[in-house]
>>> print(open('start-v9.txt').read())   # compact mmCIF, C-alpha atoms
# COMPACT_ATOMS: atom_id res chain seq x y z
CA MET A 1 7.71 -60.26 40.46
CA ALA A 2 3.91 -60.40 40.68
CA ILE A 3 1.63 -60.30 43.70
CA VAL A 4 0.93 -63.65 45.31
CA TYR A 5 -2.30 -63.12 47.22
CA GLU A 6 -1.60 -65.36 50.24
CA LYS A 7 2.01 -64.22 50.50
CA LEU A 8 1.09 -60.52 50.47
CA LEU A 9 -1.63 -61.01 53.11
CA ALA A 10 0.92 -62.75 55.33
CA LEU A 11 3.63 -60.11 54.82
CA LYS A 12 5.26 -59.23 58.14
CA ILE A 13 5.62 -55.49 58.60
CA PRO A 14 8.05 -54.61 61.40
CA GLU A 15 6.48 -52.61 64.20
CA VAL A 16 7.74 -49.08 64.69
CA GLU A 17 8.65 -47.51 68.02
CA HIS A 18 8.27 -43.75 67.75
CA THR A 19 9.29 -41.09 70.24
CA PHE A 20 8.01 -37.58 69.56
CA SER A 21 8.12 -34.27 71.39
CA ALA A 22 6.16 -31.04 71.61
CA LYS A 23 8.51 -29.71 68.94
CA ASP A 24 7.33 -32.46 66.54
CA CYS A 25 3.71 -31.63 67.35
CA ILE A 26 4.32 -27.96 66.53
CA LEU A 27 6.28 -28.79 63.37
CA TYR A 28 3.39 -30.92 62.11
CA ALA A 29 0.92 -28.05 62.59
CA LEU A 30 3.28 -25.60 60.88
CA GLY A 31 3.51 -28.11 58.02
CA LEU A 32 -0.26 -27.75 57.55
CA GLY A 33 -0.08 -23.96 57.41
CA LEU A 34 -1.27 -23.06 60.90
CA GLY A 35 0.17 -19.92 62.44
CA GLN A 36 0.18 -17.74 59.32
CA ASP A 37 -1.80 -15.06 61.18
CA PRO A 38 0.21 -14.09 64.29
CA MET A 39 -2.95 -12.70 65.92
CA ASN A 40 -5.01 -15.89 65.51
CA GLU A 41 -4.98 -17.37 69.01
CA ASP A 42 -7.07 -20.39 67.99
CA GLU A 43 -4.26 -21.55 65.71
CA LEU A 44 -1.55 -20.37 68.11
CA ALA A 45 -2.63 -23.09 70.54
CA PHE A 46 -1.30 -25.69 68.07
CA VAL A 47 2.01 -24.01 67.21
CA TYR A 48 3.16 -22.60 70.56
CA GLU A 49 4.35 -24.71 73.47
CA LYS A 50 2.31 -22.80 76.11
CA ASN A 51 -0.85 -24.89 76.70
CA LEU A 52 -0.05 -26.82 73.51
CA LYS A 53 -2.78 -28.81 71.75
CA ALA A 54 -2.30 -31.56 69.15
CA LEU A 55 -4.23 -31.52 65.91
CA PRO A 56 -6.35 -34.69 65.65
CA THR A 57 -4.59 -35.64 62.41
CA PHE A 58 -1.19 -35.56 64.17
CA ALA A 59 -1.92 -39.23 64.87
CA LEU A 60 -1.36 -39.90 61.14
CA VAL A 61 2.40 -39.49 61.53
CA GLN A 62 2.74 -41.43 64.80
CA GLY A 63 4.20 -44.93 64.57
CA TYR A 64 4.42 -44.55 60.79
CA SER A 65 6.05 -47.45 58.92
CA ALA A 66 7.46 -45.88 55.76
CA TYR A 67 7.68 -47.63 52.40
CA TRP A 68 6.90 -51.14 53.60
CA LEU A 69 5.53 -51.99 50.13
CA ARG A 70 9.10 -51.69 48.84
CA ASN A 71 9.74 -55.09 50.42
CA PRO A 72 10.43 -57.41 47.43
CA ASP A 73 8.32 -60.10 49.12
CA SER A 74 5.21 -57.95 48.57
CA GLY A 75 5.35 -58.55 44.81
CA VAL A 76 4.21 -54.95 44.31
CA ASN A 77 5.77 -52.56 41.82
CA TRP A 78 6.21 -49.82 44.40
CA THR A 79 7.17 -47.17 41.82
CA LYS A 80 3.57 -47.28 40.53
CA VAL A 81 1.66 -47.08 43.83
CA VAL A 82 -0.47 -44.12 44.91
CA HIS A 83 -2.30 -43.33 48.13
CA GLY A 84 -5.97 -43.98 47.41
CA GLU A 85 -7.87 -43.53 50.68
CA GLN A 86 -7.14 -42.76 54.32
CA GLY A 87 -9.12 -43.19 57.50
CA LEU A 88 -8.41 -42.29 61.11
CA THR A 89 -10.33 -43.25 64.26
CA LEU A 90 -9.20 -41.77 67.58
CA HIS A 91 -9.74 -43.84 70.72
CA LYS A 92 -7.92 -41.43 73.08
CA PRO A 93 -6.91 -37.77 72.89
CA VAL A 94 -3.91 -37.28 70.60
CA LEU A 95 -0.66 -36.92 72.52
CA THR A 96 1.53 -33.85 72.06
CA GLU A 97 4.57 -35.87 73.17
CA GLY A 98 5.26 -39.45 74.11
CA GLN A 99 6.33 -42.87 72.95
CA VAL A 100 4.08 -45.02 70.79
CA ILE A 101 4.28 -48.30 68.92
CA GLY A 102 2.88 -48.56 65.41
CA ARG A 103 1.70 -52.02 64.31
CA THR A 104 0.74 -52.33 60.66
CA ARG A 105 -0.86 -55.28 58.91
CA ILE A 106 -2.42 -55.97 55.54
CA VAL A 107 -6.16 -56.56 55.82
CA GLU A 108 -7.16 -57.38 52.24
CA VAL A 109 -5.97 -57.29 48.64
CA ILE A 110 -8.35 -56.82 45.71
CA ASP A 111 -7.40 -57.59 42.12
CA LYS A 112 -9.15 -55.14 39.80
CA GLY A 113 -8.02 -57.10 36.74
CA GLU A 114 -5.26 -57.09 34.15
CA GLY A 115 -4.30 -53.53 33.32
CA LYS A 116 -6.61 -52.13 36.03
CA GLY A 117 -4.36 -52.43 39.06
CA ALA A 118 -4.89 -53.77 42.56
CA LEU A 119 -6.04 -52.37 45.91
CA VAL A 120 -4.11 -53.11 49.10
CA TYR A 121 -5.97 -52.38 52.33
CA SER A 122 -3.81 -51.94 55.42
CA GLU A 123 -4.41 -51.03 59.05
CA ARG A 124 -2.12 -49.42 61.61
CA LYS A 125 -2.72 -49.48 65.35
CA VAL A 126 -1.04 -46.71 67.34
CA ILE A 127 -0.42 -47.90 70.89
CA ASP A 128 0.90 -45.97 73.88
CA LYS A 129 4.14 -47.69 74.87
CA ALA A 130 3.87 -46.92 78.58
CA SER A 131 0.28 -48.04 79.18
CA GLY A 132 -0.44 -50.33 76.23
CA ALA A 133 -3.60 -48.32 75.49
CA LEU A 134 -4.86 -48.18 71.93
CA LEU A 135 -4.70 -44.54 70.86
CA ALA A 136 -5.70 -44.60 67.21
CA THR A 137 -6.58 -46.92 64.33
CA LEU A 138 -5.58 -45.88 60.83
CA LYS A 139 -6.86 -47.51 57.67
CA GLN A 140 -5.25 -46.95 54.29
CA THR A 141 -6.03 -48.01 50.74
CA THR A 142 -3.07 -48.15 48.37
CA PHE A 143 -3.76 -48.28 44.65
CA CYS A 144 -1.11 -50.42 42.95
CA ARG A 145 -1.51 -49.28 39.36
CA ALA A 146 0.75 -51.89 37.76
CA ASP A 147 -0.23 -55.00 39.71
CA GLY A 148 -3.64 -56.13 38.47
CA GLY A 149 -4.27 -59.59 37.06
CA PHE A 150 -2.64 -61.71 39.76
CA GLY A 151 -5.83 -63.59 40.65
CA GLY A 152 -6.93 -64.18 44.21
CA PRO A 153 -10.47 -64.63 45.49
CA PRO A 154 -13.10 -62.31 43.99
CA ARG A 155 -13.78 -59.29 46.19
CA GLU A 156 -15.81 -56.13 45.80
CA ALA A 157 -14.21 -52.87 46.91
CA PRO A 158 -16.22 -51.12 49.64
CA ALA A 159 -18.42 -48.30 48.36
CA PRO A 160 -17.19 -44.79 49.21
CA HIS A 161 -19.14 -42.55 51.56
CA PRO A 162 -21.77 -40.70 49.48
CA LEU A 163 -21.90 -36.92 49.68
CA PRO A 164 -25.28 -35.20 50.15
CA GLU A 165 -26.83 -33.83 46.99
CA ARG A 166 -27.77 -30.49 48.58
CA ALA A 167 -25.55 -27.44 48.65
CA PRO A 168 -22.89 -27.55 51.39
CA ASP A 169 -23.86 -26.17 54.78
CA LEU A 170 -20.42 -24.64 55.38
CA VAL A 171 -17.40 -23.70 53.26
CA CYS A 172 -13.90 -23.09 54.60
CA ASP A 173 -11.01 -21.74 52.51
CA LEU A 174 -7.50 -22.31 53.89
CA PRO A 175 -4.35 -21.17 52.07
CA THR A 176 -1.27 -23.35 51.75
CA ARG A 177 2.20 -21.86 51.69
CA PRO A 178 4.63 -22.30 48.75
CA GLU A 179 7.17 -24.04 51.03
CA MET A 180 4.57 -26.13 52.86
CA ALA A 181 5.59 -29.52 51.41
CA LEU A 182 9.20 -28.85 52.48
CA ILE A 183 7.99 -28.32 56.05
CA TYR A 184 5.48 -31.17 56.06
CA ARG A 185 8.09 -33.70 54.87
CA LEU A 186 9.97 -33.14 58.15
CA SER A 187 7.14 -35.03 59.86
CA GLY A 188 8.27 -38.27 58.21
CA ASP A 189 7.37 -38.57 54.51
CA VAL A 190 10.57 -37.61 52.70
CA ASN A 191 9.51 -38.75 49.21
CA PRO A 192 11.43 -36.52 46.75
CA LEU A 193 8.21 -36.08 44.76
CA HIS A 194 7.41 -33.33 47.26
CA ALA A 195 10.77 -31.55 47.08
CA GLU A 196 12.75 -32.14 43.87
CA PRO A 197 11.52 -30.42 40.67
CA GLU A 198 13.33 -32.92 38.44
CA PHE A 199 11.83 -35.89 40.27
CA ALA A 200 8.33 -34.37 40.11
CA MET A 201 8.63 -33.67 36.38
CA ALA A 202 9.79 -37.24 35.75
CA ALA A 203 6.62 -38.39 37.53
CA GLY A 204 4.50 -36.25 35.21
CA PHE A 205 4.00 -33.14 37.36
CA PRO A 206 5.17 -29.63 36.45
CA ARG A 207 6.53 -29.09 39.98
CA PRO A 208 6.62 -30.82 43.38
CA ILE A 209 3.20 -31.65 44.78
CA LEU A 210 1.80 -31.47 48.29
CA HIS A 211 1.61 -34.70 50.29
CA GLY A 212 -1.80 -36.32 50.15
CA LEU A 213 -1.81 -36.54 53.93
CA ALA A 214 -1.07 -32.81 54.12
CA THR A 215 -4.21 -32.16 52.05
CA PHE A 216 -6.00 -34.54 54.42
CA GLY A 217 -4.65 -32.55 57.37
CA VAL A 218 -5.78 -29.22 55.90
CA ALA A 219 -9.29 -30.64 55.47
CA GLY A 220 -9.10 -31.83 59.08
CA HIS A 221 -8.12 -28.31 60.12
CA ALA A 222 -11.13 -26.95 58.23
CA LEU A 223 -13.42 -29.31 60.16
CA LEU A 224 -11.74 -28.42 63.45
CA LYS A 225 -12.30 -24.73 62.72
CA THR A 226 -15.85 -24.80 61.37
CA VAL A 227 -17.65 -27.55 63.32
CA CYS A 228 -15.48 -28.22 66.39
CA GLY A 229 -14.71 -24.71 67.62
CA TYR A 230 -11.00 -25.67 67.61
CA ASP A 231 -11.64 -28.31 70.28
CA PRO A 232 -9.59 -31.32 69.07
CA ALA A 233 -11.41 -33.74 71.39
CA ARG A 234 -14.60 -33.31 69.34
CA LEU A 235 -13.19 -34.75 66.10
CA THR A 236 -13.13 -38.51 66.70
CA ALA A 237 -12.95 -39.98 63.19
CA ILE A 238 -12.20 -38.80 59.67
CA LYS A 239 -11.70 -40.50 56.33
CA GLY A 240 -11.64 -39.62 52.66
CA ARG A 241 -10.55 -40.54 49.13
CA PHE A 242 -7.72 -38.79 47.29
CA SER A 243 -8.74 -37.52 43.86
CA ALA A 244 -6.08 -35.11 42.55
CA PRO A 245 -2.83 -33.52 43.73
CA VAL A 246 -2.50 -30.07 45.26
CA TYR A 247 0.45 -27.77 44.56
CA PRO A 248 1.94 -25.89 47.51
CA GLY A 249 0.72 -22.32 47.50
CA GLU A 250 -2.81 -23.16 46.38
CA THR A 251 -5.92 -22.53 48.47
CA ILE A 252 -7.84 -25.61 49.63
CA ARG A 253 -11.60 -25.12 49.92
CA THR A 254 -13.41 -27.63 52.14
CA GLU A 255 -17.14 -28.01 51.54
CA ILE A 256 -18.97 -29.40 54.57
CA TRP A 257 -22.37 -31.01 55.14
CA ARG A 258 -23.65 -31.52 58.71
CA ASP A 259 -26.07 -34.33 59.57
CA GLY A 260 -26.04 -34.66 63.34
CA PRO A 261 -22.77 -36.18 64.54
CA VAL A 262 -21.79 -37.18 60.99
CA VAL A 263 -20.11 -34.62 58.77
CA SER A 264 -19.54 -35.15 55.07
CA PHE A 265 -16.91 -33.14 53.23
CA ARG A 266 -14.77 -32.74 50.15
CA ALA A 267 -11.69 -30.62 49.46
CA LEU A 268 -11.39 -28.55 46.28
CA VAL A 269 -8.76 -26.38 44.66
CA PRO A 270 -10.92 -23.50 43.38
CA GLY A 271 -8.04 -21.99 41.40
CA ARG A 272 -8.00 -25.03 39.10
CA SER A 273 -11.61 -26.22 39.58
CA ILE A 274 -10.52 -29.68 40.74
CA VAL A 275 -11.53 -31.99 43.57
CA ALA A 276 -8.47 -32.99 45.62
CA MET A 277 -10.31 -35.15 48.18
CA SER A 278 -13.75 -36.67 47.82
CA ASN A 279 -16.24 -38.81 49.74
CA GLY A 280 -15.07 -37.44 53.07
CA ARG A 281 -16.75 -38.50 56.31
CA ALA A 282 -16.06 -37.36 59.86
CA GLU A 283 -17.61 -37.98 63.26
CA ILE A 284 -18.06 -35.07 65.65
CA LYS A 285 -18.67 -35.47 69.39
CA GLY A 286 -20.75 -33.08 71.46
>>> encode(input="start-v9.txt", output="structure tokens")
Amino acid sequence: MAIVYEKLLALKIPEVEHTFSAKDCILYALGLGLGQDPMNEDELAFVYEKNLKALPTFALVQGYSAYWLRNPDSGVNWTKVVHGEQGLTLHKPVLTEGQVIGRTRIVEVIDKGEGKGALVYSERKVIDKASGALLATLKQTTFCRADGGFGGPPREAPAPHPLPERAPDLVCDLPTRPEMALIYRLSGDVNPLHAEPEFAMAAGFPRPILHGLATFGVAGHALLKTVCGYDPARLTAIKGRFSAPVYPGETIRTEIWRDGPVVSFRALVPGRSIVAMSNGRAEIKG
């Protein structure tokens, strides 16, 4: 089956009702490697129920609709899709516990041409069930490697956020733990690519890889630490483009450029001299 442009745009994605607790909030932070130093009280605030805080990127796993591109009506070869870009805008402080509704829709589809794949742009609104308030808006780009050449109206992909050409103003190294993907998957993404060696090798990797959104979360932690003073209310938006996988146990280095309320960043793996996330942009309040 091939993509039919109008049909994919009209695809109905069931809304998700999600109940989460302080335990889920803590598990998410542990899945990003916080709490490795038992004397670090800044990180303790995100992994201990006393005066618990939620990481800003905890919103990424709230109201998550998993694997909706597996719907045969999408026309997408879901075995060939990869997460291309992710964005998050926070409209309210992130809840440590509560009930939310996730509403996902497809915004646009771009045909890159035969043999070049397609881009599917989707948006998820995270809404507080009790009040109806909009809590967060998430935007995702999915690269469908095997689905180019279906036609559709000509569209240009939006240009990525450019990084400054000067040396970074700040650098933050954060280690990941060898079992980190096994912890992070408990927050909702149970793809065996992140757990089973045989599955990972069949996909072309020597061992299971870290979730892209875990790399995103580690970069978010770096921003929270270096430019927000561990105040989660100050980080109001963050987005970036995935470039290469990270293996659990590697150190992620986040390079940061400050230009007023706008922060540019990228995430590297210095041990392999690769860029894991590029074209990052965040908005800092206060």
>>> residues_around(input="start-v9.txt", residues="A:Ile26", least_positions_apart="6", cutoff="12 Å", atoms="only C-alpha atoms", output="VMD selection string")
chain A and resid 20 32 to 35 43 to 55 58 95 to 97 183 to 184 186 to 187
>>> residues_around(input="start-v9.txt", residues="A:Ala282", least_positions_apart="6", cutoff="8 Å", atoms="all atoms listed in the file", output="ChimeraX atom specification")
/A:235-239,262-265
>>> write_last_selection(input="start-v9.txt", atoms="C-alpha atoms", output="PDB file, keeping the file's coordinate frame")
ATOM      1  CA  LEU A 235     -13.190 -34.750  66.100  1.00  0.00           C
ATOM      2  CA  THR A 236     -13.130 -38.510  66.700  1.00  0.00           C
ATOM      3  CA  ALA A 237     -12.950 -39.980  63.190  1.00  0.00           C
ATOM      4  CA  ILE A 238     -12.200 -38.800  59.670  1.00  0.00           C
ATOM      5  CA  LYS A 239     -11.700 -40.500  56.330  1.00  0.00           C
ATOM      6  CA  VAL A 262     -21.790 -37.180  60.990  1.00  0.00           C
ATOM      7  CA  VAL A 263     -20.110 -34.620  58.770  1.00  0.00           C
ATOM      8  CA  SER A 264     -19.540 -35.150  55.070  1.00  0.00           C
ATOM      9  CA  PHE A 265     -16.910 -33.140  53.230  1.00  0.00           C
TER      10      PHE A 265
END
>>> closest_residue(input="start-v9.txt", among="A:Pro160, A:Gly75, A:Gly149, A:Gly63", to="A:Glu123", atoms="all atoms listed in the file")
A:Gly63
>>> residues_around(input="start-v9.txt", residues="A:Asn71", least_positions_apart="6", cutoff="10 Å", atoms="all atoms listed in the file", output="list in words")
Leu11, Lys12, Ile13, Asn77 and Trp78 of chain A
>>> residues_around(input="start-v9.txt", residues="A:His91", least_positions_apart="6", cutoff="10 Å", atoms="all atoms listed in the file", output="mmCIF file with C-alpha atoms, in the frame of the given file")
data_model
loop_
_atom_site.group_PDB
_atom_site.id
_atom_site.type_symbol
_atom_site.label_atom_id
_atom_site.label_comp_id
_atom_site.auth_asym_id
_atom_site.auth_seq_id
_atom_site.Cartn_x
_atom_site.Cartn_y
_atom_site.Cartn_z
ATOM 1 C CA VAL A 126 -1.040 -46.710 67.340
ATOM 2 C CA ALA A 133 -3.600 -48.320 75.490
ATOM 3 C CA LEU A 134 -4.860 -48.180 71.930
ATOM 4 C CA LEU A 135 -4.700 -44.540 70.860
ATOM 5 C CA ALA A 136 -5.700 -44.600 67.210
ATOM 6 C CA THR A 137 -6.580 -46.920 64.330
ATOM 7 C CA THR A 236 -13.130 -38.510 66.700
ATOM 8 C CA ALA A 237 -12.950 -39.980 63.190
#
>>> closest_residue(input="start-v9.txt", among="A:Thr215, A:Pro178, A:Arg185, A:Leu223", to="A:Leu268", atoms="only C-alpha atoms")
A:Thr215
>>> residues_near_point(input="start-v9.txt", point="(-14.2, -28.9, 66.9)", cutoff="12 Å", atoms="all atoms listed in the file", output="list in words")
Asp42, Leu55, Pro56, Gly220, His221, Ala222, Leu223, Leu224, Lys225, Thr226, Val227, Cys228, Gly229, Tyr230, Asp231, Pro232, Ala233, Arg234, Leu235, Thr236, Ala237, Pro261, Val263, Ala282, Glu283, Ile284, Lys285 and Gly286 of chain A
>>> axis_aligned_box(input="start-v9.txt", around="stretch 55-58 of chain A", padding_each_side="4 Å", output="lines of an AutoDock Vina configuration file")
center_x = -3.8
center_y = -33.6
center_z = 64.2
size_x = 13.2
size_y = 12.1
size_z = 11.5
>>> residues_near_point(input="start-v9.txt", point="(3.3, -38.9, 75.2)", cutoff="12 Å", atoms="all atoms listed in the file", output="JSON, numbers by chain")
{"A": [18, 19, 20, 21, 22, 24, 25, 54, 59, 62, 92, 93, 94, 95, 96, 97, 98, 99, 100, 101, 126, 127, 128, 129, 130, 131, 133, 135]}
>>> closest_residue(input="start-v9.txt", among="A:Leu88, A:Ala195, A:Leu8, A:Ala167", to="A:Ser74", atoms="all atoms listed in the file")
A:Leu8
>>> atom_distance(input="start-v9.txt", atom1="atom CA of A:Leu174", atom2="atom CA of A:Ala219")
8.7 Å
>>> atom_distance(input="start-v9.txt", atom1="atom CA of A:Ile106", atom2="atom CA of A:Thr89")
17.3 Å
>>> closest_residue(input="start-v9.txt", among="A:Tyr121, A:Tyr64, A:Phe143, A:Trp257", to="A:Lys80", atoms="all atoms listed in the file")
A:Phe143
>>> residues_around(input="start-v9.txt", residues="A:Tyr67", least_positions_apart="3", cutoff="12 Å", atoms="only C-alpha atoms", output="PyMOL selection string")
chain A and resi 13-14+64+70-72+74+76-79+81-83+104+142+188-191
>>> atom_distance(input="start-v9.txt", atom1="atom CA of A:Leu9", atom2="atom CA of A:Arg105")
8.2 Å
>>> closest_atom_pairs(input="start-v9.txt", of="stretch 49-101 of chain A", to="stretch 272-278 of chain A", cutoff="12 Å", atoms="only C-alpha atoms", output="CSV")
residue,atom,partner,partner_atom,distance
A:His83,CA,A:Met277,CA,11.4
A:Gly84,CA,A:Met277,CA,9.9
A:Glu85,CA,A:Met277,CA,9.1
A:Gln86,CA,A:Met277,CA,10.3
>>> closest_residue(input="start-v9.txt", among="A:Asp37, A:Glu255, A:Glu15, A:Glu196", to="A:Val171", atoms="only C-alpha atoms")
A:Glu255
>>> closest_residue(input="start-v9.txt", among="A:Leu90, A:Met39, A:Ala29, A:Val109", to="A:Tyr5", atoms="all atoms listed in the file")
A:Val109
>>> decode(input="start-v9.txt", residues="stretch 91-109 of chain A", atoms="N, CA, C and O atoms", output="mmCIF file, in the first residue's frame")
data_model
loop_
_atom_site.group_PDB
_atom_site.id
_atom_site.type_symbol
_atom_site.label_atom_id
_atom_site.label_comp_id
_atom_site.auth_asym_id
_atom_site.auth_seq_id
_atom_site.Cartn_x
_atom_site.Cartn_y
_atom_site.Cartn_z
ATOM 1 N N HIS A 91 2.454 25.316 27.853
ATOM 2 C CA HIS A 91 1.518 26.411 28.105
ATOM 3 C C HIS A 91 1.217 26.566 29.602
ATOM 4 O O HIS A 91 0.765 27.623 30.043
ATOM 5 N N LYS A 92 1.435 25.495 30.362
ATOM 6 C CA LYS A 92 1.232 25.479 31.810
ATOM 7 C C LYS A 92 2.384 24.686 32.431
ATOM 8 O O LYS A 92 3.058 23.919 31.752
ATOM 9 N N PRO A 93 2.604 24.844 33.728
ATOM 10 C CA PRO A 93 3.617 24.005 34.382
ATOM 11 C C PRO A 93 3.292 22.519 34.195
ATOM 12 O O PRO A 93 2.121 22.120 34.209
ATOM 13 N N VAL A 94 4.313 21.706 34.038
ATOM 14 C CA VAL A 94 4.116 20.278 33.819
ATOM 15 C C VAL A 94 3.646 19.618 35.115
ATOM 16 O O VAL A 94 4.225 19.833 36.190
ATOM 17 N N LEU A 95 2.602 18.827 35.013
ATOM 18 C CA LEU A 95 2.040 18.159 36.175
ATOM 19 C C LEU A 95 2.909 16.987 36.608
ATOM 20 O O LEU A 95 3.476 16.273 35.776
ATOM 21 N N THR A 96 2.996 16.776 37.929
ATOM 22 C CA THR A 96 3.685 15.590 38.440
ATOM 23 C C THR A 96 2.734 14.403 38.545
ATOM 24 O O THR A 96 3.164 13.249 38.602
ATOM 25 N N GLU A 97 1.443 14.679 38.585
ATOM 26 C CA GLU A 97 0.424 13.634 38.585
ATOM 27 C C GLU A 97 -0.879 14.240 38.087
ATOM 28 O O GLU A 97 -1.097 15.451 38.182
ATOM 29 N N GLY A 98 -1.718 13.402 37.504
ATOM 30 C CA GLY A 98 -2.984 13.902 37.005
ATOM 31 C C GLY A 98 -3.563 13.032 35.919
ATOM 32 O O GLY A 98 -3.114 11.901 35.674
ATOM 33 N N GLN A 99 -4.575 13.566 35.274
ATOM 34 C CA GLN A 99 -5.230 12.909 34.141
ATOM 35 C C GLN A 99 -5.237 13.873 32.971
ATOM 36 O O GLN A 99 -5.682 15.012 33.106
ATOM 37 N N VAL A 100 -4.741 13.427 31.832
ATOM 38 C CA VAL A 100 -4.706 14.272 30.646
ATOM 39 C C VAL A 100 -5.306 13.516 29.459
ATOM 40 O O VAL A 100 -5.443 12.292 29.480
ATOM 41 N N ILE A 101 -5.639 14.291 28.448
ATOM 42 C CA ILE A 101 -6.108 13.735 27.181
ATOM 43 C C ILE A 101 -5.128 14.165 26.102
ATOM 44 O O ILE A 101 -4.769 15.350 26.006
ATOM 45 N N GLY A 102 -4.653 13.220 25.329
ATOM 46 C CA GLY A 102 -3.771 13.504 24.210
ATOM 47 C C GLY A 102 -4.525 13.421 22.902
ATOM 48 O O GLY A 102 -5.135 12.390 22.602
ATOM 49 N N ARG A 103 -4.523 14.502 22.142
ATOM 50 C CA ARG A 103 -5.206 14.549 20.840
ATOM 51 C C ARG A 103 -4.177 14.797 19.746
ATOM 52 O O ARG A 103 -3.534 15.848 19.722
ATOM 53 N N THR A 104 -4.008 13.830 18.881
ATOM 54 C CA THR A 104 -2.989 13.868 17.837
ATOM 55 C C THR A 104 -3.641 13.991 16.468
ATOM 56 O O THR A 104 -4.668 13.352 16.201
ATOM 57 N N ARG A 105 -3.048 14.811 15.628
ATOM 58 C CA ARG A 105 -3.528 14.937 14.248
ATOM 59 C C ARG A 105 -2.340 15.108 13.321
ATOM 60 O O ARG A 105 -1.253 15.528 13.732
ATOM 61 N N ILE A 106 -2.554 14.766 12.069
ATOM 62 C CA ILE A 106 -1.527 14.961 11.053
ATOM 63 C C ILE A 106 -1.710 16.352 10.461
ATOM 64 O O ILE A 106 -2.812 16.732 10.056
ATOM 65 N N VAL A 107 -0.629 17.112 10.417
ATOM 66 C CA VAL A 107 -0.674 18.497 9.965
ATOM 67 C C VAL A 107 -0.315 18.616 8.492
ATOM 68 O O VAL A 107 -0.934 19.366 7.732
ATOM 69 N N GLU A 108 0.694 17.864 8.048
ATOM 70 C CA GLU A 108 1.143 17.955 6.656
ATOM 71 C C GLU A 108 1.953 16.717 6.295
ATOM 72 O O GLU A 108 2.498 16.033 7.178
ATOM 73 N N VAL A 109 2.000 16.427 5.010
ATOM 74 C CA VAL A 109 2.797 15.328 4.477
ATOM 75 C C VAL A 109 3.571 15.868 3.281
ATOM 76 O O VAL A 109 2.991 16.514 2.402
#
